[in-house]
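Before any comments, here is the structure.
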Amino acid sequence: MTQSERAARTVADLVVERLAIHADHVFGVGGANIEDVYDALHRHSELTGIIAKHEFGAATMADGYARATNRLGVVVATSGGGAMNLLAALAESFDSRVPVLALVGQPPLGLEGRGAFQDTSGVPGRIDAEQLFAQVARRCVKVRRPQDISVELDRAIAAALAGGPAVLLLPKDIQAAPLIEGDRATVEAQARGRATAEQSGDPELLPDDIVDLLAGLPQGSPVVVIAGPEVAAAGARAELATVVRALDATVLVTPDAKDAYSNADPRFAGVVGVMGHPNAARLVSEAELCLLVGASLPLTARAGLDTALAACPRVVYLGIEQPFVPVHAEARGPLAAALRGVANSTHGTEGAHLEPGSVGAHPDRLPLPELSVPPAPGRGVRYRPAVAAIEAALDPGTDVVADAGNTGAAVVHHLGIPEGGRFLIALGMGGMGYAFGAGIGCALGRGRRTVVIAGDGAYFMHGHEVHTAVEYQAPVTFIVFNNNAHAMCVTREQVFYSGEYSFNRFRVSEIGAGVAALFPELPVWTARTLPEFEQALDKSRAIPGPAFIELQCDPDEFPPFAPFLKESFA
């Protein structure tokens, strides 16, 4: 920044400088009422601005970035329709407690109520953006004075990092206002304060009732740990592994926490819930202790477990969220500290010498039992062998982002996550198309290969964020299971209704050919058979930037989704 630029620093400059403490990328779509923030981004090399094709895509990029890096995800959008397009993605971040900060431009304050374009000030006859965004944010504030920006930005960032999102509404005239002297010192003090907080650590004391339950646990009795998404969000995988070894526990994970514990470890026993493995309920019911670690167990994660949990004499919960099931004791607060407290309190150390991935304590727990699905009559590659082919092609450290629907159910049930890789799926709101933006945010944030697995329905909603991956050469392999249908809806029509009609089958689309035509530089393959798919996966591993694979499959194949199968085989 030149001397003249320093002299002309604005509120937008402070915003960008402060964000650079917490992130190295911001995602968004520009517009007249947010362009001062983008102008400031141009002047500050610490942050890379990524322009998406749609504000939903930008917000899911910020969400995926935040989940994958455990840093603040930032989305920047303009007023009016741009602001409204953020809502669905922010709702997912809200329900899943993802630390996302949305900076949303607004018309100049002086034009509120005077016919301003995209006025959402809440004056009579106009939408109130503060009230609207407050429904999908832990904190939403409109900045009305330049001198308030430092405090309000700090508060918004803190709210987001505590389990966001947070929304800061920035009128255009506030963004462009000259910065009051002294705010640069505030930025530097904020950075020093954050570093001190990170070094301070968390207390490791457990409530007495948990200590007593652990002390009363008979030596060698069966213990089950159910790990949830808070493990990854808290950066607590190492602490979880220590507790598992100390208790010689069996590990189950929720559908959105497949990366919480090594899938290759013999103690790993699969997934709970509607997409889970049929052994889960038996393991829980036979346990003397069931430790819920960052797993509040909403319905998608606890389906089939209520009776088993009721039969377990010791159910203990560790985490921030209120659990959805009755427990005998709980420690609400920072998860890593609570796990350290459990490790310090337990006397069961017979498994402590085994490292994750080593065979010795439970050599009989792999392979995992799977849900049985009826045979599919149609053409195309089946879910199980397709997912097995993907797993075989994943290098260690590869991240995976799955979308909603039958494809996502198959991935959750069948795919083993590679060592060192992250796994992301949007189960808060379950919105289709999330994976395309989230995969880009994950890849740019982590700087490594990310594989996005989605269906054609999700692709037609938000799949053209592929353009963003091409533009920024993000290392993302997009795999689209194309069955020319909203296949989960087709399955529901067959299982819960007559099956004599369908609103959810579509005429044939050649997605691979279309993407190849749109992006001539993008490596694209269309696979109609399993060998073709395996060959495409193998070739894609040599591509440094984005790649795209269309896999043709059958809309009538049932996914490994327990509610469908119970109804079918009642």
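We label chains A, B, ... in the order they appear in the structure tokens, count residues from 1 in each chain, and number ligands from 1 in the order shown.
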
Using only C-alpha atoms, tabulate the residues of region 70-116 of chain A lying at most 8 Å from any atom of region 171-176 of chain A, each with its closest atom pair and that distance in Å to one decimal, by chain and increasing residue number, as CSV.
residue,atom,partner,partner_atom,distance
A:Gly105,CA,A:Pro171,CA,5.6
A:Gln106,CA,A:Pro171,CA,4.2
A:Pro107,CA,A:Pro171,CA,5.3
A:Pro108,CA,A:Lys172,CA,5.0
A:Leu109,CA,A:Pro171,CA,6.2

Requested write-out: N, CA and C atoms of the selected residues, as a short mmCIF file (atom, residue, chain, number, x, y, z; two decimals), in the first residue's frame:
data_model
loop_
_atom_site.label_atom_id
_atom_site.label_comp_id
_atom_site.auth_asym_id
_atom_site.auth_seq_id
_atom_site.Cartn_x
_atom_site.Cartn_y
_atom_site.Cartn_z
N GLY A 105 -23.45 -6.00 1.78
CA GLY A 105 -23.60 -4.60 1.45
C GLY A 105 -25.05 -4.13 1.55
N GLN A 106 -25.22 -2.85 1.82
CA GLN A 106 -26.54 -2.22 1.92
C GLN A 106 -26.49 -0.87 1.22
N PRO A 107 -27.64 -0.35 0.79
CA PRO A 107 -27.65 0.99 0.20
C PRO A 107 -27.16 2.03 1.21
N PRO A 108 -26.72 3.19 0.74
CA PRO A 108 -26.28 4.25 1.66
C PRO A 108 -27.38 4.61 2.66
N LEU A 109 -26.96 4.88 3.89
CA LEU A 109 -27.93 5.17 4.95
C LEU A 109 -28.83 6.35 4.59
#

- DSSP alpha helix (DSSP H) residues within region 11-90 of chain A, listed as a count of residues only: 41

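Proximity of A:Phe423, A:Ala281, A:Pro222, A:Gln135 to Asp256 (chain A), computed with only C-alpha atoms, is greatest for A:Phe423.
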
Identify, on the basis of only C-alpha atoms, every residue whose closest approach to region 543-559 of chain A does not exceed 8 Å; exclude the query and any residue fewer than 3 positions from it along the same chain; express the result as a compact mmCIF listing (two decimals) with all heavy atoms, in the first residue's frame.
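around-v4.txt written:
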# COMPACT_ATOMS: atom_id res chain seq x y z
N VAL A 373 -29.64 -54.08 0.17
CA VAL A 373 -30.58 -53.36 -0.71
C VAL A 373 -31.07 -54.32 -1.79
O VAL A 373 -30.38 -55.27 -2.16
CB VAL A 373 -29.91 -52.14 -1.35
CG1 VAL A 373 -29.45 -51.16 -0.29
CG2 VAL A 373 -28.74 -52.54 -2.23
N PRO A 374 -32.29 -54.10 -2.30
CA PRO A 374 -32.80 -54.97 -3.36
C PRO A 374 -32.02 -54.77 -4.64
O PRO A 374 -31.45 -53.70 -4.87
CB PRO A 374 -34.26 -54.53 -3.51
CG PRO A 374 -34.28 -53.12 -3.02
CD PRO A 374 -33.26 -53.05 -1.92
N PRO A 375 -31.97 -55.77 -5.50
CA PRO A 375 -31.25 -55.62 -6.77
C PRO A 375 -31.90 -54.56 -7.65
O PRO A 375 -33.12 -54.40 -7.65
CB PRO A 375 -31.34 -57.01 -7.40
CG PRO A 375 -32.51 -57.67 -6.75
CD PRO A 375 -32.57 -57.12 -5.36
N ALA A 376 -31.05 -53.81 -8.36
CA ALA A 376 -31.54 -52.77 -9.26
C ALA A 376 -31.63 -53.33 -10.67
O ALA A 376 -30.69 -53.96 -11.16
CB ALA A 376 -30.61 -51.57 -9.23
N PRO A 377 -32.76 -53.10 -11.37
CA PRO A 377 -32.95 -53.71 -12.67
C PRO A 377 -32.38 -52.94 -13.85
O PRO A 377 -32.21 -53.48 -14.94
CB PRO A 377 -34.48 -53.76 -12.79
CG PRO A 377 -34.94 -52.55 -12.03
CD PRO A 377 -33.95 -52.38 -10.89
N GLY A 378 -32.07 -51.67 -13.67
CA GLY A 378 -31.75 -50.83 -14.81
C GLY A 378 -30.28 -50.82 -15.19
O GLY A 378 -29.45 -51.53 -14.62
N ARG A 379 -29.97 -49.99 -16.16
CA ARG A 379 -28.59 -49.85 -16.63
C ARG A 379 -27.79 -48.96 -15.71
O ARG A 379 -28.32 -48.25 -14.87
CB ARG A 379 -28.59 -49.27 -18.04
CG ARG A 379 -29.28 -50.14 -19.09
CD ARG A 379 -29.22 -49.45 -20.45
NE ARG A 379 -29.84 -50.26 -21.50
CZ ARG A 379 -29.96 -49.88 -22.77
NH1 ARG A 379 -29.48 -48.68 -23.14
NH2 ARG A 379 -30.53 -50.68 -23.66
N GLY A 380 -26.49 -49.00 -15.92
CA GLY A 380 -25.61 -48.10 -15.20
C GLY A 380 -24.83 -48.79 -14.10
O GLY A 380 -25.09 -49.94 -13.73
N VAL A 381 -23.87 -48.07 -13.56
CA VAL A 381 -22.99 -48.59 -12.52
C VAL A 381 -23.70 -48.47 -11.17
O VAL A 381 -24.34 -47.46 -10.88
CB VAL A 381 -21.66 -47.81 -12.50
CG1 VAL A 381 -20.74 -48.35 -11.42
CG2 VAL A 381 -20.99 -47.91 -13.87
N ARG A 382 -23.58 -49.49 -10.33
CA ARG A 382 -24.24 -49.51 -9.03
C ARG A 382 -23.44 -48.71 -8.00
O ARG A 382 -22.23 -48.55 -8.10
CB ARG A 382 -24.43 -50.95 -8.55
CG ARG A 382 -25.26 -51.80 -9.50
CD ARG A 382 -26.69 -51.29 -9.60
NE ARG A 382 -27.48 -52.06 -10.56
CZ ARG A 382 -27.83 -51.63 -11.76
NH1 ARG A 382 -27.43 -50.43 -12.18
NH2 ARG A 382 -28.57 -52.38 -12.56
N TYR A 383 -24.15 -48.25 -6.96
CA TYR A 383 -23.52 -47.40 -5.94
C TYR A 383 -22.33 -48.10 -5.27
O TYR A 383 -21.26 -47.50 -5.12
CB TYR A 383 -24.54 -47.02 -4.86
CG TYR A 383 -25.66 -46.14 -5.32
CD1 TYR A 383 -26.99 -46.45 -5.00
CD2 TYR A 383 -25.43 -44.97 -6.04
CE1 TYR A 383 -28.04 -45.63 -5.39
CE2 TYR A 383 -26.47 -44.16 -6.45
CZ TYR A 383 -27.78 -44.50 -6.12
OH TYR A 383 -28.80 -43.69 -6.52
N ASN A 406 -29.47 -39.81 -2.74
CA ASN A 406 -29.03 -41.20 -2.78
C ASN A 406 -27.52 -41.33 -2.89
O ASN A 406 -26.90 -42.22 -2.30
CB ASN A 406 -29.70 -41.92 -3.96
CG ASN A 406 -31.16 -42.24 -3.71
OD1 ASN A 406 -31.70 -41.88 -2.67
ND2 ASN A 406 -31.80 -42.90 -4.66
N THR A 407 -26.92 -40.43 -3.67
CA THR A 407 -25.46 -40.46 -3.81
C THR A 407 -24.79 -40.24 -2.46
O THR A 407 -23.86 -40.96 -2.08
CB THR A 407 -25.01 -39.39 -4.81
OG1 THR A 407 -25.62 -39.65 -6.09
CG2 THR A 407 -23.50 -39.39 -4.97
N ALA A 409 -26.02 -40.76 0.52
CA ALA A 409 -26.25 -41.92 1.39
C ALA A 409 -25.28 -43.04 1.08
O ALA A 409 -24.74 -43.69 1.99
CB ALA A 409 -27.70 -42.39 1.25
N ALA A 410 -25.03 -43.28 -0.20
CA ALA A 410 -24.10 -44.34 -0.59
C ALA A 410 -22.68 -44.01 -0.13
O ALA A 410 -21.93 -44.89 0.32
CB ALA A 410 -24.14 -44.54 -2.10
N ALA A 469 -13.99 -23.24 -10.06
CA ALA A 469 -12.82 -24.11 -9.91
C ALA A 469 -11.89 -23.99 -11.10
O ALA A 469 -10.66 -23.97 -10.96
CB ALA A 469 -13.27 -25.56 -9.74
N VAL A 470 -12.46 -23.89 -12.30
CA VAL A 470 -11.64 -23.73 -13.50
C VAL A 470 -10.93 -22.37 -13.48
O VAL A 470 -9.73 -22.27 -13.78
CB VAL A 470 -12.51 -23.88 -14.77
CG1 VAL A 470 -11.72 -23.51 -16.02
CG2 VAL A 470 -13.05 -25.30 -14.88
N GLN A 473 -8.27 -22.59 -10.86
CA GLN A 473 -7.50 -23.83 -10.93
C GLN A 473 -7.45 -24.54 -9.57
O GLN A 473 -6.40 -24.99 -9.10
CB GLN A 473 -6.10 -23.57 -11.47
CG GLN A 473 -6.06 -23.31 -12.96
CD GLN A 473 -6.57 -24.53 -13.76
OE1 GLN A 473 -5.91 -25.57 -13.81
NE2 GLN A 473 -7.74 -24.39 -14.37
N ALA A 474 -8.61 -24.62 -8.94
CA ALA A 474 -8.71 -25.32 -7.66
C ALA A 474 -8.57 -26.82 -7.89
O ALA A 474 -9.16 -27.37 -8.83
CB ALA A 474 -10.06 -25.02 -7.01
N PRO A 475 -7.81 -27.51 -7.04
CA PRO A 475 -7.59 -28.95 -7.24
C PRO A 475 -8.79 -29.77 -6.77
O PRO A 475 -8.76 -30.43 -5.73
CB PRO A 475 -6.35 -29.21 -6.38
CG PRO A 475 -6.42 -28.21 -5.28
CD PRO A 475 -7.03 -26.97 -5.90
N VAL A 476 -9.85 -29.74 -7.57
CA VAL A 476 -11.09 -30.45 -7.22
C VAL A 476 -11.43 -31.42 -8.34
O VAL A 476 -11.44 -31.06 -9.52
CB VAL A 476 -12.27 -29.47 -7.03
CG1 VAL A 476 -13.52 -30.23 -6.60
CG2 VAL A 476 -11.93 -28.40 -6.00
N THR A 477 -11.71 -32.66 -7.95
CA THR A 477 -12.26 -33.65 -8.89
C THR A 477 -13.76 -33.75 -8.62
O THR A 477 -14.18 -34.17 -7.53
CB THR A 477 -11.60 -35.02 -8.71
OG1 THR A 477 -10.20 -34.90 -8.96
CG2 THR A 477 -12.20 -36.03 -9.68
N PHE A 478 -14.56 -33.35 -9.59
CA PHE A 478 -16.01 -33.41 -9.47
C PHE A 478 -16.50 -34.73 -10.06
O PHE A 478 -16.23 -35.03 -11.23
CB PHE A 478 -16.67 -32.25 -10.22
CG PHE A 478 -16.30 -30.90 -9.70
CD1 PHE A 478 -15.27 -30.17 -10.30
CD2 PHE A 478 -16.95 -30.34 -8.62
CE1 PHE A 478 -14.92 -28.91 -9.83
CE2 PHE A 478 -16.61 -29.07 -8.14
CZ PHE A 478 -15.59 -28.36 -8.75
N ILE A 479 -17.21 -35.52 -9.26
CA ILE A 479 -17.79 -36.78 -9.72
C ILE A 479 -19.30 -36.65 -9.61
O ILE A 479 -19.84 -36.49 -8.51
CB ILE A 479 -17.29 -37.98 -8.89
CG1 ILE A 479 -15.76 -38.07 -8.96
CG2 ILE A 479 -17.93 -39.27 -9.38
CD1 ILE A 479 -15.17 -39.13 -8.05
N VAL A 480 -19.99 -36.72 -10.74
CA VAL A 480 -21.44 -36.57 -10.78
C VAL A 480 -22.08 -37.90 -11.17
O VAL A 480 -21.86 -38.40 -12.27
CB VAL A 480 -21.86 -35.45 -11.76
CG1 VAL A 480 -23.38 -35.42 -11.89
CG2 VAL A 480 -21.34 -34.10 -11.26
N PHE A 481 -22.84 -38.46 -10.24
CA PHE A 481 -23.63 -39.67 -10.51
C PHE A 481 -24.89 -39.23 -11.24
O PHE A 481 -25.77 -38.60 -10.65
CB PHE A 481 -24.01 -40.37 -9.20
CG PHE A 481 -22.90 -41.13 -8.53
CD1 PHE A 481 -21.65 -40.56 -8.32
CD2 PHE A 481 -23.11 -42.42 -8.08
CE1 PHE A 481 -20.63 -41.25 -7.70
CE2 PHE A 481 -22.10 -43.13 -7.45
CZ PHE A 481 -20.85 -42.55 -7.26
N ASN A 482 -24.97 -39.54 -12.52
CA ASN A 482 -26.08 -39.07 -13.35
C ASN A 482 -27.08 -40.19 -13.58
O ASN A 482 -26.83 -41.12 -14.35
CB ASN A 482 -25.56 -38.55 -14.69
CG ASN A 482 -26.67 -37.99 -15.56
OD1 ASN A 482 -27.79 -37.80 -15.10
ND2 ASN A 482 -26.36 -37.73 -16.82
N ASN A 483 -28.22 -40.12 -12.90
CA ASN A 483 -29.30 -41.07 -13.16
C ASN A 483 -30.53 -40.39 -13.77
O ASN A 483 -31.62 -40.97 -13.79
CB ASN A 483 -29.68 -41.82 -11.88
CG ASN A 483 -29.87 -40.88 -10.69
OD1 ASN A 483 -30.32 -39.75 -10.86
ND2 ASN A 483 -29.52 -41.34 -9.51
N ASN A 484 -30.34 -39.18 -14.24
CA ASN A 484 -31.41 -38.43 -14.90
C ASN A 484 -32.69 -38.40 -14.05
O ASN A 484 -33.80 -38.63 -14.53
CB ASN A 484 -31.70 -39.05 -16.28
CG ASN A 484 -30.51 -38.96 -17.20
OD1 ASN A 484 -30.10 -37.88 -17.60
ND2 ASN A 484 -29.92 -40.10 -17.52
N ALA A 485 -32.49 -38.09 -12.78
CA ALA A 485 -33.63 -38.07 -11.86
C ALA A 485 -33.23 -37.38 -10.57
O ALA A 485 -32.04 -37.25 -10.25
CB ALA A 485 -34.09 -39.49 -11.55
N HIS A 486 -34.22 -36.96 -9.81
CA HIS A 486 -34.05 -36.73 -8.38
C HIS A 486 -34.32 -38.08 -7.73
O HIS A 486 -35.43 -38.40 -7.33
CB HIS A 486 -35.03 -35.67 -7.88
CG HIS A 486 -34.68 -34.28 -8.30
ND1 HIS A 486 -35.56 -33.22 -8.20
CD2 HIS A 486 -33.53 -33.74 -8.82
CE1 HIS A 486 -34.99 -32.12 -8.64
NE2 HIS A 486 -33.75 -32.42 -9.03
N ALA A 487 -33.27 -38.89 -7.63
CA ALA A 487 -33.45 -40.31 -7.38
C ALA A 487 -34.00 -40.60 -5.99
O ALA A 487 -34.76 -41.56 -5.82
CB ALA A 487 -32.14 -41.05 -7.60
N VAL A 490 -37.57 -40.28 -6.34
CA VAL A 490 -38.09 -41.44 -7.05
C VAL A 490 -38.25 -42.61 -6.10
O VAL A 490 -39.28 -43.31 -6.10
CB VAL A 490 -37.18 -41.82 -8.23
CG1 VAL A 490 -37.58 -43.17 -8.83
CG2 VAL A 490 -37.21 -40.74 -9.31
N THR A 491 -37.24 -42.84 -5.27
CA THR A 491 -37.31 -43.94 -4.31
C THR A 491 -38.47 -43.74 -3.35
O THR A 491 -39.21 -44.69 -3.03
CB THR A 491 -35.99 -44.06 -3.52
OG1 THR A 491 -34.90 -44.15 -4.43
CG2 THR A 491 -36.00 -45.28 -2.63
N ARG A 505 -38.44 -38.07 -12.61
CA ARG A 505 -37.62 -38.64 -13.67
C ARG A 505 -37.53 -37.64 -14.81
O ARG A 505 -38.52 -36.99 -15.16
CB ARG A 505 -38.20 -39.96 -14.18
CG ARG A 505 -38.30 -41.04 -13.12
CD ARG A 505 -38.98 -42.29 -13.71
NE ARG A 505 -39.26 -43.28 -12.70
CZ ARG A 505 -38.43 -44.24 -12.32
NH1 ARG A 505 -37.24 -44.34 -12.90
NH2 ARG A 505 -38.78 -45.10 -11.38
N ILE A 511 -24.32 -34.80 -19.29
CA ILE A 511 -23.67 -33.77 -18.49
C ILE A 511 -22.18 -33.65 -18.83
O ILE A 511 -21.63 -32.55 -18.96
CB ILE A 511 -23.86 -34.06 -16.99
CG1 ILE A 511 -25.34 -33.94 -16.63
CG2 ILE A 511 -23.02 -33.13 -16.13
CD1 ILE A 511 -25.66 -34.31 -15.19
N GLY A 512 -21.52 -34.80 -18.98
CA GLY A 512 -20.10 -34.76 -19.30
C GLY A 512 -19.82 -34.02 -20.59
O GLY A 512 -18.91 -33.18 -20.67
N LEU A 522 -10.87 -28.10 -19.42
CA LEU A 522 -11.13 -28.96 -18.27
C LEU A 522 -11.12 -30.43 -18.69
O LEU A 522 -11.87 -30.82 -19.60
CB LEU A 522 -12.49 -28.61 -17.66
CG LEU A 522 -12.96 -29.47 -16.48
CD1 LEU A 522 -12.07 -29.25 -15.26
CD2 LEU A 522 -14.42 -29.16 -16.14
N PRO A 523 -10.30 -31.29 -18.07
CA PRO A 523 -10.36 -32.72 -18.37
C PRO A 523 -11.70 -33.31 -17.93
O PRO A 523 -12.08 -33.18 -16.76
CB PRO A 523 -9.20 -33.31 -17.55
CG PRO A 523 -8.31 -32.15 -17.25
CD PRO A 523 -9.22 -30.96 -17.13
N VAL A 524 -12.42 -33.91 -18.86
CA VAL A 524 -13.76 -34.44 -18.59
C VAL A 524 -13.85 -35.87 -19.13
O VAL A 524 -13.39 -36.15 -20.24
CB VAL A 524 -14.86 -33.56 -19.25
CG1 VAL A 524 -16.24 -34.16 -19.01
CG2 VAL A 524 -14.80 -32.13 -18.72
N TRP A 525 -14.46 -36.75 -18.33
CA TRP A 525 -14.72 -38.11 -18.77
C TRP A 525 -16.18 -38.46 -18.47
O TRP A 525 -16.74 -38.02 -17.48
CB TRP A 525 -13.84 -39.12 -18.02
CG TRP A 525 -12.37 -38.94 -18.24
CD1 TRP A 525 -11.60 -39.53 -19.20
CD2 TRP A 525 -11.48 -38.13 -17.48
NE1 TRP A 525 -10.30 -39.12 -19.10
CE2 TRP A 525 -10.18 -38.27 -18.05
CE3 TRP A 525 -11.63 -37.29 -16.37
CZ2 TRP A 525 -9.07 -37.61 -17.54
CZ3 TRP A 525 -10.53 -36.63 -15.86
CH2 TRP A 525 -9.26 -36.79 -16.45
N THR A 526 -16.77 -39.26 -19.34
CA THR A 526 -18.08 -39.86 -19.11
C THR A 526 -17.90 -41.36 -19.04
O THR A 526 -17.35 -41.97 -19.96
CB THR A 526 -19.09 -39.49 -20.21
OG1 THR A 526 -19.35 -38.08 -20.16
CG2 THR A 526 -20.40 -40.24 -20.02
N ALA A 527 -18.36 -41.96 -17.94
CA ALA A 527 -18.21 -43.40 -17.73
C ALA A 527 -19.58 -44.06 -17.71
O ALA A 527 -20.47 -43.63 -16.98
CB ALA A 527 -17.48 -43.66 -16.41
N ARG A 528 -19.73 -45.10 -18.51
CA ARG A 528 -20.98 -45.86 -18.57
C ARG A 528 -20.84 -47.25 -17.95
O ARG A 528 -21.84 -47.92 -17.72
CB ARG A 528 -21.45 -45.98 -20.01
CG ARG A 528 -21.82 -44.63 -20.63
CD ARG A 528 -22.10 -44.73 -22.12
NE ARG A 528 -22.57 -43.45 -22.65
CZ ARG A 528 -21.76 -42.45 -23.01
NH1 ARG A 528 -20.44 -42.59 -22.89
NH2 ARG A 528 -22.27 -41.32 -23.47
N THR A 529 -19.60 -47.65 -17.71
CA THR A 529 -19.33 -48.95 -17.10
C THR A 529 -18.33 -48.77 -15.97
O THR A 529 -17.64 -47.74 -15.89
CB THR A 529 -18.74 -49.93 -18.13
OG1 THR A 529 -17.44 -49.46 -18.54
CG2 THR A 529 -19.64 -50.08 -19.36
N PHE A 533 -15.16 -46.10 -15.51
CA PHE A 533 -15.10 -45.23 -14.33
C PHE A 533 -13.75 -45.36 -13.64
O PHE A 533 -13.11 -44.36 -13.29
CB PHE A 533 -16.23 -45.59 -13.38
CG PHE A 533 -16.37 -44.65 -12.20
CD1 PHE A 533 -16.36 -43.28 -12.36
CD2 PHE A 533 -16.52 -45.17 -10.92
CE1 PHE A 533 -16.50 -42.43 -11.27
CE2 PHE A 533 -16.65 -44.33 -9.83
CZ PHE A 533 -16.64 -42.96 -10.00
N ALA A 536 -11.17 -43.53 -15.66
CA ALA A 536 -11.28 -42.08 -15.51
C ALA A 536 -10.72 -41.62 -14.17
O ALA A 536 -10.00 -40.61 -14.09
CB ALA A 536 -12.74 -41.66 -15.66
N LEU A 537 -11.03 -42.36 -13.12
CA LEU A 537 -10.48 -42.01 -11.81
C LEU A 537 -8.96 -42.06 -11.82
O LEU A 537 -8.29 -41.17 -11.25
CB LEU A 537 -11.04 -42.97 -10.75
CG LEU A 537 -12.50 -42.80 -10.36
CD1 LEU A 537 -13.00 -44.01 -9.58
CD2 LEU A 537 -12.70 -41.52 -9.56
N LYS A 539 -6.92 -41.66 -14.38
CA LYS A 539 -6.38 -40.56 -15.17
C LYS A 539 -6.50 -39.23 -14.42
O LYS A 539 -5.62 -38.36 -14.51
CB LYS A 539 -7.11 -40.47 -16.51
CG LYS A 539 -6.78 -41.61 -17.46
CD LYS A 539 -7.53 -41.45 -18.78
CE LYS A 539 -7.18 -42.54 -19.77
NZ LYS A 539 -7.92 -42.41 -21.05
N SER A 540 -7.60 -39.06 -13.67
CA SER A 540 -7.82 -37.78 -12.99
C SER A 540 -6.79 -37.53 -11.90
O SER A 540 -6.55 -36.38 -11.52
CB SER A 540 -9.23 -37.75 -12.38
OG SER A 540 -9.34 -38.64 -11.28
N PHE A 564 -35.96 -46.42 4.01
CA PHE A 564 -36.47 -47.02 2.78
C PHE A 564 -36.47 -48.54 2.88
O PHE A 564 -37.41 -49.22 2.47
CB PHE A 564 -35.63 -46.60 1.58
CG PHE A 564 -35.66 -45.14 1.26
CD1 PHE A 564 -34.74 -44.59 0.39
CD2 PHE A 564 -36.62 -44.30 1.80
CE1 PHE A 564 -34.75 -43.24 0.08
CE2 PHE A 564 -36.65 -42.95 1.50
CZ PHE A 564 -35.71 -42.42 0.64

Tell me, as a PDB file with all heavy atoms, in the first residue's frame, which residues lie within 9 Å of Cys489 (chain A), counting only C-alpha atoms; anything in the same chain fewer than 6 positions away does not count.
ATOM      1  N   GLY A 405     -28.897 -36.646  -0.953  1.00  0.00           N
ATOM      2  CA  GLY A 405     -29.603 -37.591  -1.815  1.00  0.00           C
ATOM      3  C   GLY A 405     -29.037 -38.991  -1.766  1.00  0.00           C
ATOM      4  O   GLY A 405     -28.246 -39.355  -0.893  1.00  0.00           O
ATOM      5  N   SER A 502     -44.307 -40.635 -11.449  1.00  0.00           N
ATOM      6  CA  SER A 502     -43.114 -39.966 -10.959  1.00  0.00           C
ATOM      7  C   SER A 502     -43.051 -38.547 -11.489  1.00  0.00           C
ATOM      8  O   SER A 502     -43.220 -38.323 -12.694  1.00  0.00           O
ATOM      9  CB  SER A 502     -41.839 -40.707 -11.368  1.00  0.00           C
ATOM     10  OG  SER A 502     -40.704 -40.005 -10.875  1.00  0.00           O
ATOM     11  N   PHE A 503     -42.850 -37.627 -10.576  1.00  0.00           N
ATOM     12  CA  PHE A 503     -42.566 -36.251 -10.955  1.00  0.00           C
ATOM     13  C   PHE A 503     -41.065 -36.012 -11.073  1.00  0.00           C
ATOM     14  O   PHE A 503     -40.637 -34.904 -11.397  1.00  0.00           O
ATOM     15  CB  PHE A 503     -43.129 -35.290  -9.898  1.00  0.00           C
ATOM     16  CG  PHE A 503     -44.622 -35.173  -9.906  1.00  0.00           C
ATOM     17  CD1 PHE A 503     -45.388 -35.876  -8.986  1.00  0.00           C
ATOM     18  CD2 PHE A 503     -45.273 -34.371 -10.835  1.00  0.00           C
ATOM     19  CE1 PHE A 503     -46.772 -35.775  -8.986  1.00  0.00           C
ATOM     20  CE2 PHE A 503     -46.650 -34.258 -10.845  1.00  0.00           C
ATOM     21  CZ  PHE A 503     -47.415 -34.965  -9.911  1.00  0.00           C
ATOM     22  N   ASN A 504     -40.264 -37.023 -10.805  1.00  0.00           N
ATOM     23  CA  ASN A 504     -38.841 -36.810 -10.565  1.00  0.00           C
ATOM     24  C   ASN A 504     -37.911 -37.541 -11.521  1.00  0.00           C
ATOM     25  O   ASN A 504     -36.715 -37.631 -11.266  1.00  0.00           O
ATOM     26  CB  ASN A 504     -38.526 -37.217  -9.121  1.00  0.00           C
ATOM     27  CG  ASN A 504     -39.213 -36.309  -8.121  1.00  0.00           C
ATOM     28  OD1 ASN A 504     -38.833 -35.163  -7.965  1.00  0.00           O
ATOM     29  ND2 ASN A 504     -40.245 -36.832  -7.471  1.00  0.00           N
TER      30      ASN A 504
END

- Message: Which residues are near Glu471 (chain A)? Cut-off 10 Å, only C-alpha atoms, ignore same chain within fewer than 4 positions. Put them as a list in words.
- Response: Ile50, Ile51, Ala52, Glu465, Val466, His467 and Pro546 of chain A

- Task: Write out as a ChimeraX atom specification each polymer residue whose atoms come within 8 Å of Val400 (chain A), counting only C-alpha atoms; drop sequence neighbours fewer than 2 positions from it.
- Result: /A:398,402,417,421-424,439,450-453
